file coords13.cif (mmCIF, C-alpha atoms and all ligand atoms)
data_upload
loop_
_atom_site.label_atom_id
_atom_site.label_comp_id
_atom_site.auth_asym_id
_atom_site.auth_seq_id
_atom_site.Cartn_x
_atom_site.Cartn_y
_atom_site.Cartn_z
CA MET A 1257 194.16 -26.39 -7.52
CA GLN A 1258 197.80 -25.69 -8.19
CA THR A 1259 198.71 -25.10 -11.77
CA THR A 1260 200.52 -22.66 -13.94
CA GLN A 1261 197.66 -22.51 -16.42
CA HIS A 1262 194.77 -20.24 -16.01
CA LYS A 1263 191.79 -21.95 -14.45
CA ASN A 1264 189.42 -20.50 -16.95
CA THR A 1265 190.58 -22.62 -19.88
CA LEU A 1266 189.62 -25.91 -21.42
CA GLU A 1267 193.20 -27.11 -20.89
CA PHE A 1268 192.92 -26.55 -17.19
CA ALA A 1269 189.62 -28.47 -17.05
CA LYS A 1270 191.15 -31.34 -18.98
CA GLU A 1271 194.13 -31.39 -16.70
CA GLN A 1272 191.82 -31.73 -13.71
CA ASP A 1273 190.14 -34.64 -15.42
CA GLN A 1274 193.50 -36.31 -15.95
CA LYS A 1275 194.24 -36.01 -12.25
CA ASP A 1276 190.78 -37.12 -11.15
CA PRO A 1277 191.05 -40.42 -9.25
CA LEU A 1278 187.42 -41.20 -10.14
CA LYS A 1279 187.73 -40.47 -13.87
CA ARG A 1280 187.22 -44.11 -14.85
CA PHE A 1281 183.65 -44.08 -13.51
CA ARG A 1282 182.22 -41.80 -16.18
CA ASN A 1283 182.59 -44.62 -18.65
CA GLN A 1284 180.50 -46.86 -16.40
CA PHE A 1285 177.40 -44.77 -17.16
CA HIS A 1286 175.24 -44.29 -20.21
CA ILE A 1287 175.58 -40.63 -21.11
CA PRO A 1288 172.66 -39.44 -23.28
CA LYS A 1289 173.50 -37.74 -26.57
CA ASP A 1290 172.46 -34.26 -27.64
CA LYS A 1291 170.92 -33.45 -31.02
CA ASN A 1292 174.36 -33.32 -32.64
CA GLY A 1293 175.16 -36.81 -31.43
CA GLU A 1294 177.56 -35.51 -28.78
CA GLU A 1295 177.38 -36.50 -25.14
CA GLN A 1296 175.10 -34.19 -23.23
CA VAL A 1297 176.48 -32.05 -20.46
CA TYR A 1298 174.30 -33.76 -17.90
CA LEU A 1299 173.97 -31.66 -14.75
CA CYS A 1300 170.62 -32.99 -13.65
CA GLY A 1301 171.55 -35.89 -11.37
CA ASN A 1302 169.79 -33.99 -8.60
CA SER A 1303 166.54 -34.87 -10.37
CA LEU A 1304 167.27 -38.11 -12.16
CA GLY A 1305 170.68 -39.75 -12.03
CA LEU A 1306 172.12 -41.45 -15.11
CA GLN A 1307 171.98 -45.16 -15.73
CA PRO A 1308 174.99 -47.26 -14.77
CA LYS A 1309 175.90 -49.75 -17.50
CA LEU A 1310 175.81 -52.43 -14.82
CA THR A 1311 172.10 -51.89 -14.19
CA GLN A 1312 170.96 -53.84 -17.22
CA GLU A 1313 173.00 -56.86 -16.23
CA TYR A 1314 171.61 -56.86 -12.70
CA ILE A 1315 168.02 -56.53 -13.88
CA LEU A 1316 168.48 -59.14 -16.62
CA GLN A 1317 169.72 -61.59 -14.02
CA GLU A 1318 166.43 -61.31 -12.15
CA LEU A 1319 164.38 -61.55 -15.36
CA GLU A 1320 166.30 -64.66 -16.31
CA ASP A 1321 165.86 -66.24 -12.91
CA TRP A 1322 162.17 -65.43 -12.99
CA SER A 1323 161.80 -67.00 -16.45
CA ASN A 1324 163.73 -70.13 -15.46
CA LEU A 1325 162.59 -70.59 -11.91
CA GLY A 1326 159.16 -69.03 -11.50
CA VAL A 1327 158.12 -68.94 -7.89
CA GLU A 1328 161.15 -70.91 -6.81
CA GLY A 1329 163.24 -67.83 -7.51
CA HIS A 1330 162.22 -66.58 -4.07
CA THR A 1331 164.69 -69.06 -2.62
CA GLU A 1332 166.63 -70.45 -5.61
CA ALA A 1333 167.48 -67.36 -7.68
CA LYS A 1334 171.17 -66.53 -7.88
CA ASN A 1335 170.28 -63.69 -5.53
CA PRO A 1336 167.20 -65.08 -3.78
CA TRP A 1337 164.28 -62.66 -3.78
CA MET A 1338 163.10 -63.39 -0.27
CA PRO A 1339 166.07 -61.67 1.39
CA TYR A 1340 166.92 -59.51 -1.67
CA HIS A 1341 166.52 -56.16 0.09
CA GLU A 1342 169.16 -57.26 2.59
CA PHE A 1343 171.78 -57.35 -0.20
CA LEU A 1344 171.48 -53.57 -0.39
CA THR A 1345 171.64 -52.72 3.26
CA ASP A 1346 175.34 -52.59 4.16
CA LYS A 1347 176.33 -50.45 1.19
CA MET A 1348 173.36 -48.12 1.61
CA ALA A 1349 174.05 -47.78 5.32
CA LYS A 1350 177.62 -46.67 4.60
CA ILE A 1351 176.48 -43.94 2.23
CA VAL A 1352 174.20 -42.39 4.84
CA GLY A 1353 176.48 -43.16 7.80
CA ALA A 1354 174.11 -45.52 9.58
CA LYS A 1355 174.27 -48.96 11.14
CA PRO A 1356 172.86 -51.64 8.83
CA SER A 1357 170.05 -52.38 11.30
CA GLU A 1358 168.94 -48.74 10.99
CA VAL A 1359 168.42 -48.81 7.23
CA VAL A 1360 165.97 -50.42 4.86
CA MET A 1361 165.16 -49.85 1.19
CA MET A 1362 161.40 -49.93 0.72
CA ASN A 1363 158.46 -48.07 -0.85
CA THR A 1364 159.14 -44.55 -2.12
CA LEU A 1365 160.02 -41.35 -0.36
CA SER A 1366 156.60 -39.82 0.26
CA VAL A 1367 155.21 -43.18 1.39
CA ASN A 1368 158.08 -43.65 3.81
CA LEU A 1369 157.59 -40.13 5.10
CA HIS A 1370 154.01 -40.96 5.98
CA LEU A 1371 155.00 -44.23 7.64
CA MET A 1372 157.58 -42.41 9.70
CA MET A 1373 155.11 -39.73 10.73
CA VAL A 1374 152.69 -42.42 11.83
CA SER A 1375 155.36 -43.51 14.31
CA PHE A 1376 157.10 -40.25 15.13
CA TYR A 1377 154.42 -37.62 14.87
CA ARG A 1378 152.35 -38.45 17.93
CA PRO A 1379 150.67 -35.16 18.81
CA SER A 1380 149.25 -34.50 22.25
CA ILE A 1381 146.93 -31.67 23.24
CA GLY A 1382 149.79 -29.34 24.10
CA ARG A 1383 152.46 -30.58 21.71
CA TYR A 1384 151.22 -30.96 18.17
CA LYS A 1385 153.06 -28.56 15.85
CA ILE A 1386 155.43 -29.50 13.03
CA VAL A 1387 158.30 -27.33 11.80
CA ILE A 1388 159.45 -27.55 8.18
CA GLU A 1389 161.65 -25.31 6.05
CA SER A 1390 159.55 -22.76 4.20
CA ASP A 1391 160.32 -23.89 0.69
CA ALA A 1392 160.28 -27.59 1.44
CA PHE A 1393 159.51 -29.72 -1.61
CA PRO A 1394 155.74 -29.62 -2.17
CA SER A 1395 155.28 -33.35 -1.59
CA ASP A 1396 156.74 -33.00 1.91
CA LYS A 1397 154.45 -30.10 2.63
CA TYR A 1398 151.39 -31.98 1.39
CA ALA A 1399 152.37 -35.00 3.47
CA VAL A 1400 152.84 -32.92 6.62
CA GLU A 1401 149.62 -30.97 6.12
CA SER A 1402 147.64 -34.13 5.61
CA GLN A 1403 149.11 -35.67 8.77
CA LEU A 1404 148.18 -32.56 10.74
CA LYS A 1405 144.62 -32.68 9.42
CA PHE A 1406 144.43 -36.42 10.02
CA HIS A 1407 145.06 -35.68 13.69
CA GLY A 1408 142.49 -32.87 13.74
CA HIS A 1409 144.88 -29.91 13.49
CA GLN A 1410 144.86 -27.00 11.09
CA PRO A 1411 148.07 -26.27 9.16
CA LYS A 1412 147.43 -22.54 9.64
CA ASP A 1413 148.04 -23.00 13.35
CA ALA A 1414 150.12 -26.16 13.53
CA LEU A 1415 152.53 -25.88 10.60
CA ILE A 1416 155.48 -23.67 11.47
CA GLU A 1417 157.74 -22.58 8.64
CA TRP A 1418 161.42 -21.93 9.12
CA LYS A 1419 161.89 -19.07 6.67
CA PRO A 1420 164.76 -17.07 5.24
CA ARG A 1421 164.77 -13.47 6.46
CA GLU A 1422 163.24 -10.75 4.36
CA GLY A 1423 165.40 -10.23 1.27
CA GLU A 1424 167.47 -13.40 1.89
CA GLU A 1425 167.39 -16.79 0.20
CA LEU A 1426 168.84 -19.09 2.83
CA CYS A 1427 167.53 -20.22 6.20
CA ARG A 1428 169.58 -19.27 9.24
CA TYR A 1429 170.03 -21.76 12.05
CA GLU A 1430 169.54 -18.98 14.65
CA ASP A 1431 166.02 -18.47 13.35
CA LEU A 1432 165.22 -22.12 13.92
CA GLU A 1433 166.61 -21.70 17.43
CA ASN A 1434 164.29 -18.74 17.94
CA ILE A 1435 161.30 -20.76 16.81
CA MET A 1436 162.23 -23.46 19.31
CA GLU A 1437 162.81 -20.94 22.09
CA GLU A 1438 159.41 -19.42 21.50
CA GLN A 1439 157.28 -22.43 20.68
CA GLY A 1440 159.41 -25.45 21.60
CA ASP A 1441 156.87 -26.79 24.08
CA ASP A 1442 154.23 -26.97 21.34
CA ILE A 1443 156.43 -28.63 18.74
CA ALA A 1444 156.10 -32.36 18.23
CA LEU A 1445 158.26 -32.79 15.12
CA LEU A 1446 160.98 -31.04 13.17
CA LEU A 1447 161.04 -32.27 9.58
CA ILE A 1448 163.82 -30.71 7.54
CA GLY A 1449 165.29 -31.50 4.12
CA SER A 1450 168.97 -32.26 4.68
CA THR A 1451 169.71 -30.36 1.50
CA ASN A 1452 167.04 -28.04 0.18
CA TYR A 1453 165.88 -28.91 -3.34
CA TYR A 1454 165.58 -25.27 -4.42
CA THR A 1455 168.55 -23.47 -2.89
CA GLY A 1456 170.91 -26.43 -2.53
CA GLN A 1457 171.53 -25.37 1.08
CA SER A 1458 172.60 -28.23 3.36
CA PHE A 1459 171.58 -27.75 6.95
CA PRO A 1460 173.60 -28.46 10.11
CA LEU A 1461 171.94 -31.78 10.82
CA LYS A 1462 173.54 -32.52 14.16
CA LYS A 1463 172.78 -29.10 15.59
CA ILE A 1464 169.20 -29.34 14.38
CA THR A 1465 168.79 -32.80 15.88
CA GLU A 1466 170.15 -31.70 19.23
CA LEU A 1467 168.03 -28.58 19.19
CA GLY A 1468 164.85 -30.52 18.48
CA HIS A 1469 165.58 -33.17 21.07
CA ARG A 1470 166.53 -30.59 23.69
CA HIS A 1471 163.06 -29.15 23.32
CA GLY A 1472 161.36 -32.53 23.46
CA ALA A 1473 160.51 -32.80 19.75
CA LYS A 1474 161.17 -35.70 17.41
CA VAL A 1475 163.46 -34.98 14.45
CA GLY A 1476 163.30 -36.36 10.92
CA PHE A 1477 165.23 -35.55 7.75
CA ASP A 1478 164.27 -35.77 4.10
CA LEU A 1479 167.47 -36.80 2.34
CA ALA A 1480 166.03 -36.71 -1.20
CA HIS A 1481 168.82 -34.28 -2.12
CA GLY A 1482 171.22 -35.55 0.49
CA ALA A 1483 171.59 -39.29 -0.01
CA GLY A 1484 174.59 -39.96 -2.24
CA ASN A 1485 175.39 -36.24 -2.27
CA ILE A 1486 176.45 -35.27 1.25
CA GLN A 1487 177.36 -37.49 4.20
CA PRO A 1488 174.58 -37.06 6.78
CA ASN A 1489 176.22 -39.48 9.26
CA LEU A 1490 172.80 -40.50 10.42
CA HIS A 1491 173.70 -42.72 13.35
CA GLU A 1492 175.99 -40.17 14.92
CA THR A 1493 173.79 -37.23 14.00
CA GLY A 1494 170.96 -38.98 15.78
CA PRO A 1495 167.62 -38.01 14.18
CA ASP A 1496 164.69 -40.27 14.95
CA PHE A 1497 164.17 -41.06 11.28
CA ALA A 1498 165.16 -40.13 7.75
CA VAL A 1499 163.78 -40.93 4.31
CA TRP A 1500 165.18 -40.61 0.80
CA CYS A 1501 164.76 -41.65 -2.82
CA SER A 1502 167.26 -43.57 -4.90
CA TYR A 1503 166.66 -42.08 -8.34
CA LYS A 1504 168.62 -38.84 -7.95
CA TYR A 1505 172.24 -39.06 -6.79
CA LEU A 1506 171.83 -42.79 -6.23
CA ASN A 1507 171.27 -43.43 -9.95
CA SER A 1508 168.73 -46.23 -9.54
CA GLY A 1509 166.15 -45.29 -12.17
CA PRO A 1510 162.93 -43.30 -12.38
CA GLY A 1511 160.58 -43.95 -9.49
CA SER A 1512 162.89 -46.53 -7.97
CA VAL A 1513 162.45 -47.72 -4.39
CA GLY A 1514 163.36 -45.30 -1.59
CA GLY A 1515 165.27 -45.58 1.65
CA CYS A 1516 164.35 -45.26 5.27
CA PHE A 1517 166.38 -44.85 8.46
CA VAL A 1518 165.09 -45.42 11.97
CA HIS A 1519 167.56 -44.67 14.72
CA GLU A 1520 168.77 -47.63 16.75
CA ARG A 1521 167.20 -46.20 19.91
CA HIS A 1522 163.80 -47.15 18.47
CA ALA A 1523 164.85 -50.59 17.21
CA ASN A 1524 163.08 -52.65 19.84
CA ASN A 1525 160.35 -50.33 20.96
CA LYS A 1526 157.22 -52.38 20.46
CA ASP A 1527 155.08 -49.61 21.93
CA LEU A 1528 155.71 -47.31 18.99
CA LYS A 1529 152.60 -46.96 16.88
CA ARG A 1530 153.12 -47.98 13.28
CA PHE A 1531 151.32 -49.14 10.20
CA THR A 1532 152.35 -52.71 9.56
CA GLY A 1533 152.47 -55.37 6.86
CA TRP A 1534 153.80 -58.90 6.61
CA TRP A 1535 157.26 -57.97 5.33
CA GLY A 1536 157.97 -56.24 8.63
CA HIS A 1537 157.16 -59.40 10.56
CA ASN A 1538 159.73 -61.72 12.13
CA LYS A 1539 161.38 -63.55 9.22
CA GLN A 1540 161.44 -66.88 11.03
CA THR A 1541 157.68 -66.98 11.48
CA ARG A 1542 156.49 -64.90 8.53
CA PHE A 1543 155.08 -67.95 6.76
CA ASN A 1544 153.51 -69.54 9.83
CA MET A 1545 150.55 -67.35 9.02
CA ARG A 1546 150.17 -66.36 12.63
CA HIS A 1547 147.98 -63.43 13.34
CA GLU A 1548 149.92 -61.41 15.90
CA PHE A 1549 152.43 -59.03 14.40
CA ASP A 1550 155.98 -59.55 15.65
CA PRO A 1551 158.15 -56.75 14.23
CA ILE A 1552 161.66 -57.37 12.97
CA PRO A 1553 163.87 -55.24 15.25
CA GLY A 1554 165.18 -52.09 13.55
CA ALA A 1555 164.18 -50.35 10.33
CA GLU A 1556 163.17 -53.59 8.56
CA GLY A 1557 160.22 -53.81 10.94
CA TRP A 1558 158.59 -50.91 9.08
CA GLN A 1559 158.40 -52.80 5.77
CA LEU A 1560 154.91 -53.48 4.51
CA SER A 1561 155.09 -55.45 1.29
CA ASN A 1562 157.48 -57.77 -0.44
CA PRO A 1563 159.51 -55.34 -2.50
CA PRO A 1564 159.84 -54.89 -6.30
CA ILE A 1565 162.94 -56.92 -7.10
CA LEU A 1566 163.61 -55.29 -10.49
CA SER A 1567 163.90 -51.92 -8.81
CA LEU A 1568 166.05 -53.30 -6.00
CA ALA A 1569 168.31 -54.87 -8.66
CA ALA A 1570 168.88 -51.42 -10.15
CA ILE A 1571 169.74 -50.06 -6.72
CA ARG A 1572 172.11 -52.95 -6.11
CA ALA A 1573 173.96 -52.18 -9.34
CA SER A 1574 174.29 -48.54 -8.41
CA LEU A 1575 175.43 -49.25 -4.87
CA ALA A 1576 178.14 -51.54 -6.23
CA ILE A 1577 179.58 -48.50 -8.04
CA PHE A 1578 179.34 -46.27 -4.97
CA ASP A 1579 181.09 -48.94 -2.98
CA GLU A 1580 183.88 -49.34 -5.50
CA ALA A 1581 184.43 -45.58 -5.73
CA GLY A 1582 184.16 -44.99 -1.96
CA PHE A 1583 181.81 -42.30 -0.72
CA GLU A 1584 184.60 -40.17 0.79
CA ASN A 1585 186.27 -40.03 -2.63
CA ILE A 1586 183.00 -39.14 -4.31
CA ARG A 1587 182.41 -36.37 -1.81
CA ALA A 1588 185.98 -35.09 -2.22
CA LYS A 1589 185.50 -34.83 -5.98
CA SER A 1590 182.08 -33.28 -5.46
CA VAL A 1591 183.63 -30.45 -3.44
CA LYS A 1592 186.32 -29.84 -6.07
CA ILE A 1593 184.13 -29.95 -9.13
CA THR A 1594 181.43 -27.80 -7.51
CA ASN A 1595 184.03 -25.24 -6.43
CA TYR A 1596 185.28 -25.20 -10.00
CA LEU A 1597 181.79 -24.63 -11.38
CA GLU A 1598 181.29 -21.85 -8.87
CA TYR A 1599 184.60 -20.27 -9.80
CA LEU A 1600 183.76 -20.25 -13.52
CA LEU A 1601 180.28 -18.83 -12.91
CA GLU A 1602 181.69 -16.09 -10.73
CA GLU A 1603 184.18 -15.21 -13.45
CA ILE A 1604 181.35 -14.31 -15.82
CA GLU A 1605 181.50 -10.59 -16.28
CA GLY A 1606 178.88 -8.06 -15.35
CA ASP A 1607 177.33 -9.54 -12.20
CA GLN A 1608 174.73 -11.31 -14.26
CA ILE A 1609 174.91 -14.49 -12.27
CA GLU A 1610 173.88 -14.85 -8.68
CA ILE A 1611 174.54 -18.14 -6.96
CA ILE A 1612 172.08 -18.53 -4.11
CA THR A 1613 173.58 -21.77 -2.75
CA PRO A 1614 175.92 -21.25 0.24
CA LYS A 1615 179.61 -20.77 -0.55
CA ASN A 1616 180.86 -23.02 2.19
CA PRO A 1617 181.24 -26.63 0.95
CA GLU A 1618 180.06 -27.81 4.38
CA GLU A 1619 176.73 -26.18 3.63
CA ARG A 1620 176.10 -27.65 0.22
CA GLY A 1621 176.43 -30.75 -1.90
CA CYS A 1622 177.11 -30.57 -5.62
CA GLN A 1623 174.06 -28.54 -6.59
CA LEU A 1624 174.38 -24.85 -7.33
CA SER A 1625 171.20 -22.87 -7.77
CA ILE A 1626 171.73 -19.84 -9.95
CA LYS A 1627 169.74 -16.82 -10.87
CA VAL A 1628 170.59 -15.08 -14.10
CA GLN A 1629 169.76 -11.39 -14.15
CA HIS A 1630 166.90 -10.44 -16.46
CA ALA A 1631 166.65 -14.06 -17.57
CA ASN A 1632 163.49 -16.00 -17.89
CA LYS A 1633 162.77 -19.57 -18.76
CA ALA A 1634 163.60 -18.87 -22.41
CA LEU A 1635 167.28 -18.66 -21.52
CA PHE A 1636 167.10 -21.96 -19.73
CA ASP A 1637 165.38 -23.54 -22.74
CA LYS A 1638 168.20 -22.33 -24.97
CA LEU A 1639 170.74 -23.80 -22.61
CA MET A 1640 168.95 -27.14 -22.84
CA ALA A 1641 168.87 -26.84 -26.62
CA ALA A 1642 172.64 -26.31 -26.47
CA GLY A 1643 173.00 -29.74 -24.89
CA VAL A 1644 173.26 -28.66 -21.25
CA ILE A 1645 170.79 -30.61 -19.18
CA ALA A 1646 169.93 -28.81 -15.97
CA ASP A 1647 166.59 -27.88 -14.53
CA TRP A 1648 164.47 -24.86 -13.98
CA ARG A 1649 162.55 -24.39 -10.78
CA GLU A 1650 159.90 -21.74 -10.43
CA PRO A 1651 160.02 -18.87 -9.89
CA ASN A 1652 163.49 -18.19 -11.33
CA VAL A 1653 166.23 -20.63 -10.50
CA ILE A 1654 168.40 -22.82 -12.71
CA ARG A 1655 169.74 -25.79 -10.80
CA VAL A 1656 172.99 -27.36 -11.94
CA ALA A 1657 174.51 -30.37 -10.26
CA PRO A 1658 177.80 -31.83 -11.52
CA ALA A 1659 177.17 -35.23 -9.91
CA PRO A 1660 180.74 -36.41 -9.43
CA LEU A 1661 180.55 -40.04 -10.54
CA TYR A 1662 179.88 -39.25 -14.17
CA ASN A 1663 180.74 -35.58 -14.60
CA SER A 1664 184.05 -34.24 -15.78
CA PHE A 1665 185.65 -30.85 -15.22
CA GLU A 1666 185.50 -30.48 -18.99
CA ASN A 1667 181.74 -30.84 -18.80
CA VAL A 1668 181.51 -28.10 -16.25
CA TYR A 1669 183.71 -25.88 -18.39
CA LYS A 1670 181.50 -26.51 -21.42
CA MET A 1671 178.38 -25.67 -19.45
CA VAL A 1672 179.70 -22.28 -18.46
CA GLU A 1673 180.96 -21.53 -21.98
CA ARG A 1674 177.54 -22.34 -23.44
CA LEU A 1675 175.81 -20.23 -20.83
CA LYS A 1676 178.15 -17.32 -21.57
CA ALA A 1677 177.36 -17.60 -25.27
CA LEU A 1678 173.69 -17.08 -24.46
CA LEU A 1679 174.06 -14.10 -22.17
C1 LIG B 1701 162.75 -33.10 -1.16
C2 LIG B 1701 161.84 -34.05 -1.88
N1 LIG B 1701 160.82 -34.61 -1.21
C3 LIG B 1701 159.99 -35.46 -1.82
C4 LIG B 1701 160.12 -35.80 -3.14
C5 LIG B 1701 159.12 -36.74 -3.73
O1 LIG B 1701 159.62 -38.03 -3.80
P1 LIG B 1701 158.75 -39.26 -4.27
O2 LIG B 1701 158.02 -38.91 -5.51
O3 LIG B 1701 159.78 -40.33 -4.52
O4 LIG B 1701 157.85 -39.62 -3.16
C6 LIG B 1701 161.19 -35.24 -3.88
C7 LIG B 1701 161.43 -35.52 -5.31
O5 LIG B 1701 160.64 -35.84 -6.12
C8 LIG B 1701 162.04 -34.33 -3.22
O6 LIG B 1701 163.04 -33.76 -3.89
N1 LIG B 1702 160.82 -37.69 -9.45
C1 LIG B 1702 160.48 -36.81 -10.42
C2 LIG B 1702 159.65 -37.18 -11.47
C3 LIG B 1702 159.30 -36.29 -12.45
C4 LIG B 1702 159.81 -35.02 -12.41
C5 LIG B 1702 160.63 -34.61 -11.38
C6 LIG B 1702 160.95 -35.50 -10.38
C7 LIG B 1702 161.81 -35.10 -9.25
O1 LIG B 1702 162.38 -35.93 -8.63
C8 LIG B 1702 161.91 -33.70 -8.94
C9 LIG B 1702 162.85 -33.47 -7.81
N2 LIG B 1702 162.37 -34.00 -6.57
C10 LIG B 1702 163.20 -32.01 -7.59
O2 LIG B 1702 163.97 -31.73 -6.70
O3 LIG B 1702 162.74 -31.14 -8.27
#
call {"tool": "encode", "arguments": {"input": "coords13.cif", "output": "structure tokens", "more": "lines below"}}
Ligand SMILES: Cc1ncc(COP(=O)(O)O)c(C=O)c1O
Ligand SMILES: Nc1ccccc1C(=O)C[C@H](N)C(=O)O
result
Amino acid sequence: MQTTQHKNTLEFAKEQDQKDPLKRFRNQFHIPKDKNGEEQVYLCGNSLGLQPKLTQEYILQELEDWSNLGVEGHTEAKNPWMPYHEFLTDKMAKIVGAKPSEVVMMNTLSVNLHLMMVSFYRPSIGRYKIVIESDAFPSDKYAVESQLKFHGHQPKDALIEWKPREGEELCRYEDLENIMEEQGDDIALLLIGSTNYYTGQSFPLKKITELGHRHGAKVGFDLAHGAGNIQPNLHETGPDFAVWCSYKYLNSGPGSVGGCFVHERHANNKDLKRFTGWWGHNKQTRFNMRHEFDPIPGAEGWQLSNPPILSLAAIRASLAIFDEAGFENIRAKSVKITNYLEYLLEEIEGDQIEIITPKNPEERGCQLSIKVQHANKALFDKLMAAGVIADWREPNVIRVAPAPLYNSFENVYKMVERLKALL
């Protein structure tokens, strides 16, 4: 950032906003108001992304077609419901760096994780362990534990945690390597969050995939905090599967439908075990009411049910914005605005702030997880009352994520000023 002004000023922040090639997108979102009627400083897109103004139009279209067409909307709606999920595929595939045949929007994250483990966690007597990161999101841990138990294994023995070293916050790749060196022959699956929900650390996905595969394990990623935030380049990176939700960085509304990636190498493998439903069946013969299941090649073959169109409409609206902005541009702004937030936090005097997220932009998305010395949740609550929407994660982290599509540098500046006022 070249400028004559000092970076730690409102003028500097505003100047960055002027130069921001994505600045027009902020106005395409509904920004909630604080108690003074001013726009909130909304840094919580890592939990629930804001609503694009376009969403209402897309959902209303489907409501209108439903009211006018009833059942015929499946084929006659402006955007027919039968193939509706396909309208999302190309744009979603670009955001996660996959081929369209590798991606499908369906179910929700935890459900997709189970479906993927049905296919890709196939324990044998000798190879049955699963590796996860030690502070994986609880839902992932519950899902993995229940899969282990379902197959007759005890998490105490079969769940291996990749942990930060004593006194450290972040996981080191070398320690995962050591786990694989020592126990690789026993490990059936590596399931890692691409970006950890607590620390904001993004892991080296390609290295992890190669490591797992080299030791004969399957590899899956949870992109809950990755999709729409970092570029996981899934096809090239090569994991067996990945799952994500669409309500965080993908701005598709609370509880909206999730995403699933199955690598092309599994596209036509009819021997893979899976749980099936009619929406995964060959589209040409789906309504012949035949009884043998004939999977659609690729990720679509894992679909179970006909999907909720209103939710898919919200995703379609959001993906239209991502497509218009271009994911590379979004990521470029993400790096800049996150670096700026980091800079301002580090400028706060007295070493009160510790950022536990890695410094290297390659190892993070736009979330910074901060610890404030001697602070407890009361400080966080005051920050919220001051119109800064972030979140608190036990035991003592404030997560702030300047999601680039609707955040400004001015916003980030205001957040730090309000935090300083409370310290
Ligand atoms: C890493 C991670 N895994 C799983 C979940 C659970 O997702 P869902 O409730 O959509 O299944 C979340 C967020 O809620 C998450 O952040
Ligand atoms: N879906 C939610 C519904 C209610 C409350 C939180 C969530 C979250 O998504 C939390 C998020 N996964 C997190 O990283 O903390």
call {"tool": "closest_residue", "arguments": {"input": "coords13.cif", "among": "A:Pro1356, A:Gly1515, A:Pro1564, A:Gly1509", "to": "A:Asn1368", "atoms": "all atoms listed in the file"}}
result
A:Gly1515
call {"tool": "atom_distance", "arguments": {"input": "coords13.cif", "atom1": "atom CA of A:Gly1514", "atom2": "atom CA of A:Gly1557"}}
result
15.5 Å
call {"tool": "residues_around", "arguments": {"input": "coords13.cif", "residues": "A:Lys1670", "least_positions_apart": "6", "cutoff": "12 Å", "atoms": "all atoms listed in the file", "output": "PyMOL selection string"}}
result
chain A and resi 1264-1267+1269-1270+1295-1299+1597+1600-1601+1639+1642-1645+1658+1663-1664+1676-1677
call {"tool": "write_last_selection", "arguments": {"input": "coords13.cif", "atoms": "C-alpha atoms", "output": "compact mmCIF listing (two decimals), in the coordinates of the input"}}
result
# COMPACT_ATOMS: atom_id res chain seq x y z
CA ASN A 1264 189.42 -20.50 -16.95
CA THR A 1265 190.58 -22.62 -19.88
CA LEU A 1266 189.62 -25.91 -21.42
CA GLU A 1267 193.20 -27.11 -20.89
CA ALA A 1269 189.62 -28.47 -17.05
CA LYS A 1270 191.15 -31.34 -18.98
CA GLU A 1295 177.38 -36.50 -25.14
CA GLN A 1296 175.10 -34.19 -23.23
CA VAL A 1297 176.48 -32.05 -20.46
CA TYR A 1298 174.30 -33.76 -17.90
CA LEU A 1299 173.97 -31.66 -14.75
CA LEU A 1597 181.79 -24.63 -11.38
CA LEU A 1600 183.76 -20.25 -13.52
CA LEU A 1601 180.28 -18.83 -12.91
CA LEU A 1639 170.74 -23.80 -22.61
CA ALA A 1642 172.64 -26.31 -26.47
CA GLY A 1643 173.00 -29.74 -24.89
CA VAL A 1644 173.26 -28.66 -21.25
CA ILE A 1645 170.79 -30.61 -19.18
CA PRO A 1658 177.80 -31.83 -11.52
CA ASN A 1663 180.74 -35.58 -14.60
CA SER A 1664 184.05 -34.24 -15.78
CA LYS A 1676 178.15 -17.32 -21.57
CA ALA A 1677 177.36 -17.60 -25.27
call {"tool": "residues_around", "arguments": {"input": "coords13.cif", "residues": "A:Gln1307", "least_positions_apart": "3", "cutoff": "12 Å", "atoms": "only C-alpha atoms", "output": "VMD selection string"}}
result
chain A and resid 1281 to 1288 1298 1301 1304 1310 to 1313 1502 to 1510 1570 to 1571 1573 to 1574 1577 1661 to 1662
call {"tool": "write_last_selection", "arguments": {"input": "coords13.cif", "atoms": "C-alpha atoms", "output": "tab-separated table (two decimals), in the coordinates of the input"}}
result
chain	number	residue	atom	x	y	z
A	1281	PHE	CA	183.65	-44.08	-13.51
A	1282	ARG	CA	182.22	-41.80	-16.18
A	1283	ASN	CA	182.59	-44.62	-18.65
A	1284	GLN	CA	180.50	-46.86	-16.40
A	1285	PHE	CA	177.40	-44.77	-17.16
A	1286	HIS	CA	175.24	-44.29	-20.21
A	1287	ILE	CA	175.58	-40.63	-21.11
A	1288	PRO	CA	172.66	-39.44	-23.28
A	1298	TYR	CA	174.30	-33.76	-17.90
A	1301	GLY	CA	171.55	-35.89	-11.37
A	1304	LEU	CA	167.27	-38.11	-12.16
A	1310	LEU	CA	175.81	-52.43	-14.82
A	1311	THR	CA	172.10	-51.89	-14.19
A	1312	GLN	CA	170.96	-53.84	-17.22
A	1313	GLU	CA	173.00	-56.86	-16.23
A	1502	SER	CA	167.26	-43.57	-4.90
A	1503	TYR	CA	166.66	-42.08	-8.34
A	1504	LYS	CA	168.62	-38.84	-7.95
A	1505	TYR	CA	172.24	-39.06	-6.79
A	1506	LEU	CA	171.83	-42.79	-6.23
A	1507	ASN	CA	171.27	-43.43	-9.95
A	1508	SER	CA	168.73	-46.23	-9.54
A	1509	GLY	CA	166.15	-45.29	-12.17
A	1510	PRO	CA	162.93	-43.30	-12.38
A	1570	ALA	CA	168.88	-51.42	-10.15
A	1571	ILE	CA	169.74	-50.06	-6.72
A	1573	ALA	CA	173.96	-52.18	-9.34
A	1574	SER	CA	174.29	-48.54	-8.41
A	1577	ILE	CA	179.58	-48.50	-8.04
A	1661	LEU	CA	180.55	-40.04	-10.54
A	1662	TYR	CA	179.88	-39.25	-14.17
